[in-house]
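Next comes upload10.tsv, a file with TSV, N, CA and C atoms.
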chain	number	residue	atom	x	y	z
A	1	MET	N	48.20	46.24	91.09
A	1	MET	CA	49.41	47.02	91.04
A	1	MET	C	49.72	47.44	89.61
A	2	ASN	N	49.52	46.51	88.64
A	2	ASN	CA	49.78	46.83	87.24
A	2	ASN	C	48.83	47.91	86.74
A	3	THR	N	47.58	47.89	87.22
A	3	THR	CA	46.62	48.90	86.81
A	3	THR	C	47.04	50.28	87.31
A	4	ARG	N	47.51	50.33	88.55
A	4	ARG	CA	47.97	51.60	89.12
A	4	ARG	C	49.16	52.13	88.31
A	5	PHE	N	50.11	51.29	87.95
A	5	PHE	CA	51.26	51.69	87.15
A	5	PHE	C	50.82	52.19	85.78
A	6	ALA	N	49.87	51.50	85.17
A	6	ALA	CA	49.38	51.89	83.84
A	6	ALA	C	48.69	53.25	83.91
A	7	LEU	N	47.92	53.49	84.97
A	7	LEU	CA	47.25	54.78	85.13
A	7	LEU	C	48.27	55.90	85.36
A	8	LEU	N	49.29	55.61	86.15
A	8	LEU	CA	50.35	56.60	86.37
A	8	LEU	C	51.07	56.92	85.06
A	9	ALA	N	51.40	55.91	84.30
A	9	ALA	CA	52.08	56.12	83.02
A	9	ALA	C	51.20	56.91	82.06
A	10	LEU	N	49.92	56.57	82.00
A	10	LEU	CA	48.99	57.29	81.14
A	10	LEU	C	48.86	58.75	81.59
A	11	GLY	N	48.80	58.97	82.90
A	11	GLY	CA	48.72	60.33	83.43
A	11	GLY	C	49.95	61.15	83.08
A	12	ALA	N	51.12	60.53	83.18
A	12	ALA	CA	52.36	61.21	82.83
A	12	ALA	C	52.40	61.56	81.36
A	13	ILE	N	51.98	60.66	80.50
A	13	ILE	CA	51.96	60.91	79.06
A	13	ILE	C	51.00	62.04	78.73
A	14	LEU	N	49.82	62.03	79.35
A	14	LEU	CA	48.84	63.09	79.12
A	14	LEU	C	49.37	64.44	79.62
A	15	ALA	N	50.02	64.43	80.78
A	15	ALA	CA	50.59	65.69	81.31
A	15	ALA	C	51.63	66.26	80.36
A	16	LEU	N	52.48	65.40	79.81
A	16	LEU	CA	53.49	65.88	78.86
A	16	LEU	C	52.85	66.38	77.58
A	17	ALA	N	51.77	65.75	77.15
A	17	ALA	CA	51.10	66.18	75.93
A	17	ALA	C	50.36	67.49	76.13
A	18	LEU	N	49.72	67.64	77.29
A	18	LEU	CA	48.92	68.84	77.54
A	18	LEU	C	49.78	70.02	78.02
A	19	PHE	N	50.86	69.75	78.73
A	19	PHE	CA	51.71	70.79	79.29
A	19	PHE	C	53.16	70.55	78.86
A	20	PRO	N	53.48	70.83	77.60
A	20	PRO	CA	54.84	70.56	77.14
A	20	PRO	C	55.86	71.37	77.92
A	21	ALA	N	57.03	70.83	78.04
A	21	ALA	CA	58.11	71.54	78.73
A	21	ALA	C	58.44	72.81	77.96
A	22	THR	N	58.78	73.84	78.70
A	22	THR	CA	59.13	75.10	78.04
A	22	THR	C	60.43	74.91	77.26
A	23	ALA	N	60.52	75.62	76.17
A	23	ALA	CA	61.72	75.53	75.34
A	23	ALA	C	62.89	76.16	76.09
A	24	THR	N	64.07	75.78	75.72
A	24	THR	CA	65.24	76.37	76.36
A	24	THR	C	65.29	77.85	76.01
A	25	ALA	N	65.83	78.62	76.90
A	25	ALA	CA	65.90	80.06	76.72
A	25	ALA	C	66.85	80.42	75.58
A	26	ASP	N	66.51	81.52	74.92
A	26	ASP	CA	67.40	82.03	73.88
A	26	ASP	C	68.70	82.49	74.53
A	27	PRO	N	69.78	82.40	73.78
A	27	PRO	CA	71.04	82.90	74.33
A	27	PRO	C	70.96	84.41	74.52
A	28	PRO	N	71.73	84.96	75.44
A	28	PRO	CA	71.66	86.40	75.68
A	28	PRO	C	72.24	87.19	74.50
A	29	ALA	N	71.77	88.42	74.35
A	29	ALA	CA	72.38	89.33	73.39
A	29	ALA	C	73.67	89.84	74.02
A	30	ALA	N	74.75	89.84	73.25
A	30	ALA	CA	76.06	90.25	73.77
A	30	ALA	C	76.49	91.56	73.12
A	31	PHE	N	76.94	92.49	73.97
A	31	PHE	CA	77.38	93.80	73.51
A	31	PHE	C	78.78	94.08	74.06
A	32	PRO	N	79.83	93.86	73.25
A	32	PRO	CA	81.18	94.16	73.72
A	32	PRO	C	81.36	95.67	73.84
A	33	PHE	N	82.24	96.09	74.76
A	33	PHE	CA	82.50	97.51	74.94
A	33	PHE	C	83.93	97.74	75.40
A	34	GLU	N	84.38	98.97	75.25
A	34	GLU	CA	85.66	99.43	75.78
A	34	GLU	C	85.52	100.90	76.12
A	35	GLU	N	85.93	101.26	77.32
A	35	GLU	CA	85.83	102.65	77.77
A	35	GLU	C	87.12	103.01	78.50
A	36	SER	N	87.70	104.16	78.17
A	36	SER	CA	88.90	104.65	78.84
A	36	SER	C	88.64	106.03	79.42
A	37	PHE	N	89.24	106.29	80.57
A	37	PHE	CA	89.11	107.60	81.21
A	37	PHE	C	90.31	107.81	82.12
A	38	VAL	N	90.54	109.06	82.49
A	38	VAL	CA	91.66	109.42	83.36
A	38	VAL	C	91.12	109.66	84.76
A	39	ASP	N	91.81	109.11	85.76
A	39	ASP	CA	91.44	109.30	87.15
A	39	ASP	C	92.72	109.29	87.97
A	40	VAL	N	92.60	109.57	89.25
A	40	VAL	CA	93.77	109.61	90.14
A	40	VAL	C	94.03	108.21	90.70
A	41	ASN	N	95.27	107.78	90.61
A	41	ASN	CA	95.70	106.53	91.22
A	41	ASN	C	95.73	106.74	92.73
A	42	PRO	N	94.91	106.02	93.51
A	42	PRO	CA	94.89	106.25	94.95
A	42	PRO	C	96.17	105.81	95.66
A	43	CYS	N	97.02	105.04	94.99
A	43	CYS	CA	98.27	104.60	95.60
A	43	CYS	C	99.40	105.62	95.42
A	44	THR	N	99.32	106.44	94.35
A	44	THR	CA	100.40	107.39	94.08
A	44	THR	C	99.94	108.84	94.10
A	45	GLY	N	98.66	109.07	93.92
A	45	GLY	CA	98.15	110.44	93.82
A	45	GLY	C	98.32	111.03	92.43
A	46	LEU	N	98.88	110.26	91.50
A	46	LEU	CA	99.10	110.72	90.13
A	46	LEU	C	97.97	110.26	89.22
A	47	ASP	N	97.77	111.03	88.15
A	47	ASP	CA	96.77	110.62	87.16
A	47	ASP	C	97.22	109.38	86.41
A	48	HIS	N	96.29	108.52	86.08
A	48	HIS	CA	96.56	107.39	85.21
A	48	HIS	C	95.31	107.11	84.38
A	49	THR	N	95.50	106.41	83.27
A	49	THR	CA	94.38	106.08	82.39
A	49	THR	C	93.84	104.71	82.77
A	50	ILE	N	92.54	104.63	82.94
A	50	ILE	CA	91.87	103.38	83.28
A	50	ILE	C	91.10	102.94	82.04
A	51	THR	N	91.29	101.67	81.66
A	51	THR	CA	90.58	101.12	80.52
A	51	THR	C	89.74	99.93	80.99
A	52	VAL	N	88.46	100.00	80.70
A	52	VAL	CA	87.53	98.93	81.07
A	52	VAL	C	87.04	98.30	79.77
A	53	THR	N	87.26	96.99	79.63
A	53	THR	CA	86.77	96.27	78.45
A	53	THR	C	85.92	95.11	78.95
A	54	GLY	N	84.98	94.71	78.14
A	54	GLY	CA	84.15	93.59	78.56
A	54	GLY	C	82.98	93.38	77.64
A	55	THR	N	82.01	92.66	78.17
A	55	THR	CA	80.80	92.35	77.41
A	55	THR	C	79.60	92.48	78.32
A	56	LEU	N	78.58	93.17	77.81
A	56	LEU	CA	77.30	93.26	78.48
A	56	LEU	C	76.40	92.20	77.87
A	57	TYR	N	75.88	91.30	78.70
A	57	TYR	CA	74.96	90.25	78.25
A	57	TYR	C	73.56	90.61	78.72
A	58	VAL	N	72.59	90.64	77.80
A	58	VAL	CA	71.21	90.98	78.14
A	58	VAL	C	70.35	89.74	77.90
A	59	TYR	N	69.67	89.32	78.95
A	59	TYR	CA	68.79	88.15	78.91
A	59	TYR	C	67.35	88.64	78.97
A	60	GLU	N	66.51	88.23	78.03
A	60	GLU	CA	65.09	88.54	78.09
A	60	GLU	C	64.36	87.29	78.52
A	61	ARG	N	63.59	87.41	79.59
A	61	ARG	CA	62.93	86.24	80.18
A	61	ARG	C	61.42	86.40	80.22
A	62	GLY	N	60.83	86.98	79.19
A	62	GLY	CA	59.37	87.09	79.12
A	62	GLY	C	58.81	87.80	80.33
A	63	VAL	N	57.88	87.15	81.02
A	63	VAL	CA	57.23	87.75	82.18
A	63	VAL	C	58.18	87.95	83.35
A	64	HIS	N	59.35	87.34	83.28
A	64	HIS	CA	60.32	87.46	84.37
A	64	HIS	C	61.24	88.65	84.18
A	65	GLY	N	61.02	89.45	83.15
A	65	GLY	CA	61.77	90.69	82.97
A	65	GLY	C	63.06	90.50	82.21
A	66	ILE	N	63.84	91.53	82.26
A	66	ILE	CA	65.14	91.56	81.58
A	66	ILE	C	66.23	91.53	82.64
A	67	HIS	N	67.19	90.68	82.44
A	67	HIS	CA	68.33	90.56	83.34
A	67	HIS	C	69.59	90.90	82.54
A	68	HIS	N	70.60	91.39	83.23
A	68	HIS	CA	71.84	91.60	82.51
A	68	HIS	C	73.03	91.24	83.39
A	69	ARG	N	74.12	90.92	82.71
A	69	ARG	CA	75.39	90.59	83.36
A	69	ARG	C	76.47	91.37	82.64
A	70	LEU	N	77.32	92.00	83.40
A	70	LEU	CA	78.40	92.80	82.83
A	70	LEU	C	79.72	92.21	83.30
A	71	ASP	N	80.43	91.51	82.40
A	71	ASP	CA	81.75	90.96	82.71
A	71	ASP	C	82.79	91.93	82.19
A	72	ARG	N	83.76	92.29	83.02
A	72	ARG	CA	84.73	93.30	82.61
A	72	ARG	C	86.13	92.98	83.09
A	73	THR	N	87.10	93.52	82.36
A	73	THR	CA	88.50	93.51	82.74
A	73	THR	C	88.94	94.97	82.83
A	74	VAL	N	89.70	95.28	83.86
A	74	VAL	CA	90.14	96.65	84.08
A	74	VAL	C	91.66	96.68	84.08
A	75	THR	N	92.24	97.59	83.31
A	75	THR	CA	93.69	97.79	83.30
A	75	THR	C	93.97	99.28	83.47
A	76	THR	N	95.15	99.60	83.97
A	76	THR	CA	95.54	101.01	84.12
A	76	THR	C	96.90	101.23	83.48
A	77	SER	N	97.15	102.47	83.11
A	77	SER	CA	98.45	102.81	82.52
A	77	SER	C	99.56	102.74	83.56
A	78	SER	N	99.22	102.67	84.85
A	78	SER	CA	100.23	102.55	85.90
A	78	SER	C	100.50	101.10	86.29
A	79	GLY	N	99.97	100.13	85.53
A	79	GLY	CA	100.33	98.73	85.73
A	79	GLY	C	99.38	97.89	86.57
A	80	PHE	N	98.22	98.39	86.92
A	80	PHE	CA	97.24	97.60	87.67
A	80	PHE	C	96.32	96.84	86.72
A	81	THR	N	95.90	95.65	87.12
A	81	THR	CA	94.92	94.87	86.35
A	81	THR	C	93.94	94.22	87.33
A	82	GLY	N	92.76	93.96	86.85
A	82	GLY	CA	91.74	93.30	87.66
A	82	GLY	C	90.53	93.00	86.80
A	83	HIS	N	89.48	92.48	87.43
A	83	HIS	CA	88.27	92.15	86.70
A	83	HIS	C	87.08	92.17	87.65
A	84	GLY	N	85.89	92.06	87.07
A	84	GLY	CA	84.70	92.04	87.89
A	84	GLY	C	83.49	91.64	87.09
A	85	THR	N	82.39	91.41	87.80
A	85	THR	CA	81.10	91.07	87.20
A	85	THR	C	80.03	91.82	87.96
A	86	GLU	N	79.08	92.35	87.22
A	86	GLU	CA	77.92	93.02	87.82
A	86	GLU	C	76.69	92.36	87.24
A	87	ILE	N	75.72	92.05	88.09
A	87	ILE	CA	74.50	91.37	87.66
A	87	ILE	C	73.30	92.18	88.15
A	88	SER	N	72.30	92.34	87.28
A	88	SER	CA	71.05	92.99	87.66
A	88	SER	C	69.92	92.07	87.24
A	89	ILE	N	68.99	91.86	88.15
A	89	ILE	CA	67.87	90.96	87.87
A	89	ILE	C	66.56	91.72	87.97
A	90	ASP	N	65.83	91.75	86.85
A	90	ASP	CA	64.46	92.23	86.80
A	90	ASP	C	64.30	93.74	86.97
A	91	HIS	N	65.35	94.46	87.26
A	91	HIS	CA	65.25	95.90	87.40
A	91	HIS	C	66.65	96.50	87.32
A	92	ASP	N	66.70	97.79	87.14
A	92	ASP	CA	67.99	98.47	87.10
A	92	ASP	C	68.08	99.50	88.21
A	93	SER	N	67.46	99.24	89.35
A	93	SER	CA	67.47	100.22	90.42
A	93	SER	C	68.66	100.08	91.35
A	94	ILE	N	69.42	98.99	91.24
A	94	ILE	CA	70.60	98.79	92.08
A	94	ILE	C	71.79	98.51	91.17
A	95	PHE	N	72.85	99.28	91.37
A	95	PHE	CA	74.10	99.09	90.63
A	95	PHE	C	75.20	98.97	91.67
A	96	GLU	N	75.89	97.84	91.66
A	96	GLU	CA	76.92	97.59	92.67
A	96	GLU	C	78.15	97.00	92.00
A	97	VAL	N	79.31	97.58	92.32
A	97	VAL	CA	80.58	97.12	91.75
A	97	VAL	C	81.59	97.01	92.89
A	98	HIS	N	82.30	95.92	92.93
A	98	HIS	CA	83.41	95.75	93.86
A	98	HIS	C	84.53	95.07	93.09
A	99	ASP	N	85.52	95.84	92.66
A	99	ASP	CA	86.64	95.30	91.89
A	99	ASP	C	87.93	95.48	92.67
A	100	VAL	N	88.85	94.56	92.46
A	100	VAL	CA	90.18	94.65	93.05
A	100	VAL	C	91.19	94.62	91.91
A	101	LEU	N	92.05	95.63	91.86
A	101	LEU	CA	93.12	95.69	90.87
A	101	LEU	C	94.44	95.47	91.59
A	102	THR	N	95.37	94.79	90.96
A	102	THR	CA	96.67	94.48	91.56
A	102	THR	C	97.78	94.82	90.58
A	103	ASN	N	98.91	95.31	91.11
A	103	ASN	CA	100.08	95.54	90.25
A	103	ASN	C	101.18	94.55	90.61
A	104	ASP	N	102.30	94.60	89.88
A	104	ASP	CA	103.41	93.65	90.10
A	104	ASP	C	104.06	93.81	91.46
A	105	ALA	N	103.95	94.98	92.08
A	105	ALA	CA	104.54	95.22	93.40
A	105	ALA	C	103.65	94.69	94.52
A	106	GLY	N	102.46	94.19	94.17
A	106	GLY	CA	101.55	93.64	95.18
A	106	GLY	C	100.60	94.66	95.77
A	107	GLU	N	100.62	95.90	95.25
A	107	GLU	CA	99.67	96.90	95.72
A	107	GLU	C	98.29	96.59	95.14
A	108	HIS	N	97.26	97.01	95.84
A	108	HIS	CA	95.88	96.78	95.39
A	108	HIS	C	95.11	98.08	95.36
A	109	ILE	N	94.32	98.26	94.34
A	109	ILE	CA	93.33	99.33	94.31
A	109	ILE	C	91.98	98.66	94.50
A	110	LEU	N	91.25	99.11	95.51
A	110	LEU	CA	89.92	98.59	95.79
A	110	LEU	C	88.91	99.61	95.27
A	111	ALA	N	88.07	99.19	94.36
A	111	ALA	CA	87.04	100.06	93.80
A	111	ALA	C	85.68	99.56	94.26
A	112	SER	N	84.91	100.43	94.88
A	112	SER	CA	83.60	100.06	95.39
A	112	SER	C	82.61	101.15	95.03
A	113	PHE	N	81.54	100.76	94.35
A	113	PHE	CA	80.50	101.70	93.95
A	113	PHE	C	79.15	101.06	94.23
A	114	VAL	N	78.27	101.79	94.90
A	114	VAL	CA	76.91	101.33	95.14
A	114	VAL	C	75.97	102.50	94.86
A	115	PHE	N	75.03	102.27	93.95
A	115	PHE	CA	74.02	103.27	93.62
A	115	PHE	C	72.66	102.58	93.66
A	116	VAL	N	71.72	103.17	94.40
A	116	VAL	CA	70.36	102.65	94.50
A	116	VAL	C	69.40	103.80	94.25
A	117	HIS	N	68.42	103.57	93.37
A	117	HIS	CA	67.39	104.58	93.18
A	117	HIS	C	66.02	103.93	93.27
A	118	ASP	N	65.01	104.75	93.59
A	118	ASP	CA	63.66	104.22	93.74
A	118	ASP	C	62.96	104.12	92.39
A	119	ALA	N	61.70	103.73	92.39
A	119	ALA	CA	60.96	103.50	91.16
A	119	ALA	C	60.81	104.77	90.32
A	120	GLN	N	60.89	105.94	90.95
A	120	GLN	CA	60.80	107.19	90.22
A	120	GLN	C	62.16	107.68	89.72
A	121	GLY	N	63.22	106.93	90.03
A	121	GLY	CA	64.56	107.31	89.58
A	121	GLY	C	65.29	108.23	90.53
A	122	THR	N	64.72	108.47	91.70
A	122	THR	CA	65.36	109.32	92.69
A	122	THR	C	66.46	108.54	93.41
A	123	PRO	N	67.69	109.08	93.42
A	123	PRO	CA	68.78	108.37	94.12
A	123	PRO	C	68.48	108.26	95.62
A	124	ARG	N	68.68	107.07	96.15
A	124	ARG	CA	68.49	106.83	97.58
A	124	ARG	C	69.81	106.52	98.27
A	125	VAL	N	70.71	105.85	97.56
A	125	VAL	CA	72.03	105.53	98.11
A	125	VAL	C	73.05	105.79	97.01
A	126	GLU	N	74.08	106.55	97.33
A	126	GLU	CA	75.18	106.76	96.40
A	126	GLU	C	76.47	106.66	97.20
A	127	HIS	N	77.28	105.68	96.87
A	127	HIS	CA	78.55	105.48	97.58
A	127	HIS	C	79.61	105.10	96.54
A	128	ALA	N	80.70	105.82	96.54
A	128	ALA	CA	81.82	105.50	95.65
A	128	ALA	C	83.12	105.63	96.44
A	129	GLU	N	83.99	104.63	96.30
A	129	GLU	CA	85.25	104.66	97.03
A	129	GLU	C	86.34	103.99	96.20
A	130	LEU	N	87.45	104.66	96.07
A	130	LEU	CA	88.68	104.10	95.50
A	130	LEU	C	89.74	104.23	96.57
A	131	ARG	N	90.39	103.13	96.91
A	131	ARG	CA	91.46	103.24	97.91
A	131	ARG	C	92.57	102.27	97.61
A	132	CYS	N	93.74	102.60	98.13
A	132	CYS	CA	94.93	101.78	97.96
A	132	CYS	C	95.07	100.87	99.17
A	133	ALA	N	95.40	99.62	98.93
A	133	ALA	CA	95.62	98.68	100.02
A	133	ALA	C	96.94	97.95	99.74
A	134	PRO	N	97.78	97.87	100.75
A	134	PRO	CA	99.07	97.19	100.56
A	134	PRO	C	98.90	95.69	100.36
Represent the structure contained in this file as C-alpha cells.
Amino acid sequence: MNTRFALLALGAILALALFPATATADPPAAFPFEESFVDVNPCTGLDHTITVTGTLYVYERGVHGIHHRLDRTVTTSSGFTGHGTEISIDHDSIFEVHDVLTNDAGEHILASFVFVHDAQGTPRVEHAELRCAP
C-alpha cells in the first residue's frame, strides 16, 4: 500500500513539473464611454435625451478568442433610469440588449434590440423595440 501511495505521489509531482498549471488570465482591458442622443419617449411621445454611460471590458483568451462585456447605466432627461449588461463570447455576430428603465411614477421603458449577422456580415435578424409599460 505504501508503494502504491509513493508511486501516486511521484506521478503527481512529475505531472505538475511537466504540465504546469496555466497562469491566471490577465485582467480585461477597460474602456469607459458616454454617449448621448435624442429619441422619442414611448410613454409620452415627446423627445428626450438618452445618456448611456459605462465600461466596455475586453478579454483576450488566446486560442479561445476575444470576449467582451459591456456594463452600462442609462438615464433620460425625462427622469427614467436603468442599467444593463451585454456579453459577447468568441465572436461579434450576435448583439442583444434588454434594458428596463423606470421613473419615479413607476412607468417603465422596455428596450429590446437583437441583431444577428452571418460570417460575411450579412444581417440575418434585426429587431428593435422601445415600449412603455405601466
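All residues that come within 6 Å of the coordinates (80.4, 93.1, 80.9), counting only N, CA and C atoms, are given as Gly54, Thr55, Leu56, Tyr57, Arg69, Leu70, Asp71 and Arg72 of chain A.
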Point (74.7, 100.8, 97.9) neighbourhood (8 Å, all atoms listed in the file) written as a ChimeraX atom specification | /A:94-97,113-116,124-128
Using only C-alpha atoms, which residue out of A:Ala30, A:Leu46, A:Cys132, A:Val52 lies closest to Asn103 (chain A)?
-> A:Cys132
List every residue of region 49-94 of chain A that DSSP, applied to the backbone, labels as strand (DSSP E or B), and write the result as a PyMOL selection string.
-> chain A and resi 49-60+66-76+81-89+94
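For the pair CA of Glu34 (chain A) and CA of His108 (chain A), the interatomic distance is 22.3 Å.
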Nearest residue to Asp104 (chain A) from the set A:Val58, A:Ile66, A:Phe80, A:Val74 (distances using all atoms listed in the file) = A:Phe80
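For the choices A:Thr73, A:Asn41, A:Ser93, A:Ser78, the atom-to-atom distance to Gly121 (chain A) is smallest for A:Ser93 when using only N, CA and C atoms.
CA of Thr49 (chain A) is positioned 10.3 Å from CA of Glu35 (chain A).
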